[in-house]
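Beneath this line is the structure, given in structure tokens, with notes to follow.
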Amino acid sequence: MDAFYVALRIALVIYLVTPGSSTCLSGCSCTDDHLGRSLLCMKTSMAKIPEDIPHDFTKIRIENCHLTELPRGSFSNVSALEFLWLNFNEITLMNVKSLDGLANLTELRLQGNKLTSVTWTAFRDTPNLKILDLKHNRLDVLPEHALRHLLKLTYLDLSFNRLSVISKDVFINWPLYQTAEKAWGKEGLVSNVVLALHDNPWSCDCRLKGFVEFIRAVSPPIILMNSYLMCSGPASKANTFFHDIQLKTCMKPVASSLETNITLPVGANATLTCIVKARPGPTIQWMYTLKIKRGSTATETHIDEETVSSQLVIPSLHPADGGLYTCTANNFIGNSSVGITVNINISSSSAAPPPPVPMLSSNENVDIDIRIAKQTVYGITLEWYAATGDPAGTWFTIHFGKYDSHKKETIYIGPGINSYAVSDLLPATKYEVCVTLKNHPPREGQCIVFVTGSDISELEQRAKLIHIVVIVCAMVLAVPAGMYACTTEARFSCVDRCVKVWKRRRLQGEDLQGTERQGTFDSLQAASDEGLCRDSEQRPKKWRMSEDKGKGASAPQLH
């Protein structure tokens, strides 16, 4: 008798300590019923799936536990698992092997998570899955072969997601649909397949044509939980049922224009119009032969469901605005373009001056911070910032030309643009460029004077970006031959003397510091030359060095 009790005690101890027997996770409850052993974890802050789940569970329910992902082999040691409920967590990621080892799984519920996509190939490891619940997630795409591995599914819930377009091939290529349809026709008795697709933001354009036709024709063994699917867009079809719409086949864009060659005087406003027919609606862009569209704005007007009019407005035409403008339309089928040539009539410029704009009062002081942001062998790129009360409505004027020329080229820049590229610069030439409010004369601090270097042939051979040498009174930055710039707040005579000193040193063979240094502005060495512009007066001056932007260098400016 004693031996019997000893054996009983040993068996009890083994039963209690053996993993996967009656042990239960902390904060969870475990039960046994006719379906097997169940694990229930509700509102437990576990953050991730426990690694020590006993192997004898047939049903696991972990809900409101703040899970964020399904990692590889999440339940691989629970091979007997048949029912897995992970509703109302925060799952966003699903590893391709997250369902590894779950060959007996028949039901997977992931309702109320944050999935934007599903790793559909993960279902290779669940050949017996019959119920898949994905409602109330954030799915916006259903790939064409998403259902390829769901061969025994009888219930699929994709309702309350963000699906807008689905190809009918998703279901036509579903092996289960093909098999069930044939069996139904021959035998009249197969398991029905329930689909829930309602409450998604369906975009009822030509891309949905096949799917709408599929939904209309769907019949057993496919059963829709809610057959009244409704359009969310476009506006003309919003809140319309699938059964009440007729969709056309998609069509690549066809772009055209009534005028492909126009001539206008300098200062006039040009309006270029492009008409595009496409299904679905296209994306329209305007391009101007290798140049930036200065201050131009494009607007679109829908003439009908498949026709769009795009208008490009170019204010205050300048001679540089002449050339070929191309309107290009794209959709997922293809693209189309039309070119419009703009000719500028310079001879009639006096008859059509640039349109006047309201002048600011003389006591309104607007600071414009201007700098050279980038430099190449033949040009520079300007950037500026103006602290104005209405940035969206502020126009600028660029005054550009040789320093000693009284007549500067004027360029009008529209709102929202704060950069301009100047190209085709001549070697060994002094230039001045200013940025002002539109139609305002330049003020102190709104201009930059720079001198181009003379070693252009050397620069062409090196084919590298060159740095700006800034000469502002007592500072010289020694860099490879290139440009020299300073603001107009520095005395111009100082600039002249600085350039002469630099040229004299070059002739004497004096090597400037760091002549082979390349890189950012901070990498350049400052040369101390106390004899340079010593008469710069003793009043304090504030210096600011703009950081290097891109591959080009920036110029310090005097305020």
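Ordering of the structure tokens sets the chain letters (A, B, ...), residue numbers begin anew at 1 in every chain, and ligands are numbered from 1 in the order given.
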
What lies within 10 Å of Leu312 of chain A using only C-alpha atoms, ignoring chain neighbours under 2 positions off, as a compact mmCIF listing (two decimals) with C-alpha atoms, in the first residue's frame?
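Result went into selection.txt, see below:
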```txt
# COMPACT_ATOMS: atom_id res chain seq x y z
CA ALA A 270 0.77 83.66 -70.68
CA THR A 271 -1.83 80.94 -70.15
CA LEU A 272 -1.04 77.55 -71.66
CA THR A 273 -3.91 75.04 -71.87
CA CYS A 274 -3.64 71.28 -72.10
CA GLN A 285 2.88 67.76 -65.02
CA TRP A 286 4.33 70.70 -66.93
CA LYS A 293 9.35 77.27 -64.26
CA SER A 296 4.26 79.67 -62.73
CA THR A 297 1.18 77.99 -61.35
CA ALA A 298 -0.84 75.12 -62.80
CA THR A 299 -4.54 74.54 -62.14
CA GLU A 300 -6.82 71.70 -63.20
CA SER A 310 -4.78 71.88 -67.10
CA ILE A 314 3.28 82.30 -66.56
CA PRO A 315 3.15 85.86 -65.17
CA TYR A 325 6.60 73.77 -72.62
CA CYS A 327 2.29 68.94 -70.76
```

If we count only C-alpha atoms and set the cut-off at 12 Å, which residues sit around segment 105-108 of chain A, ignoring sequence neighbours fewer than 3 positions away in its own chain? Please answer as a PyMOL selection string.
chain A and resi 57-62+75-76+78-87+99-102+111+123-135+150-157

Taking the DSSP secondary structure from the backbone, can you list the residues of segment 128-344 of chain A that are helix (DSSP H, G or I), as an MDAnalysis selection string?
chainID A and resid 169:172 175:187 206:217 235:237 242:244 319:321

If you run DSSP on the backbone, which residues of segment 115-230 of chain A are strand (DSSP E), as a list in words?
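Selecting the strand (DSSP E) positions of segment 115-230 of chain A gives Ile131, Leu132, Asp133, Tyr155, Leu156, Asp157, Val193, Val194, Leu195, Ala196, Trp202, Ser203, Ile222, Ile223 and Leu224 of chain A.
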
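Rounded to one decimal, atom CA of Cys447 of chain A and atom CA of Asp367 of chain A lie 11.8 Å from each other.
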
Among the residues A:His34, A:Ala278, A:Ser74, A:Ala386, the one that comes closest to Pro50 of chain A [using only C-alpha atoms]
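Closest residue, counting only C-alpha atoms: A:Ser74.
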
Give me the residues near Asn89 of chain A as a list in words, where near means some atom within 8 Å (using only C-alpha atoms) and where sequence neighbours in that chain fewer than 5 positions away do not count.
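Near neighbours after the sequence-gap exclusion: Glu63, Asn64, Cys65, His66, Leu67, Thr68, Gly112, Asn113 and Lys114 of chain A.
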
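Minimum atom-to-atom distance to Lys48 of chain A, evaluated using only C-alpha atoms, belongs to A:Leu70 out of A:Leu70, A:Leu139, A:Val422, A:Ile417.
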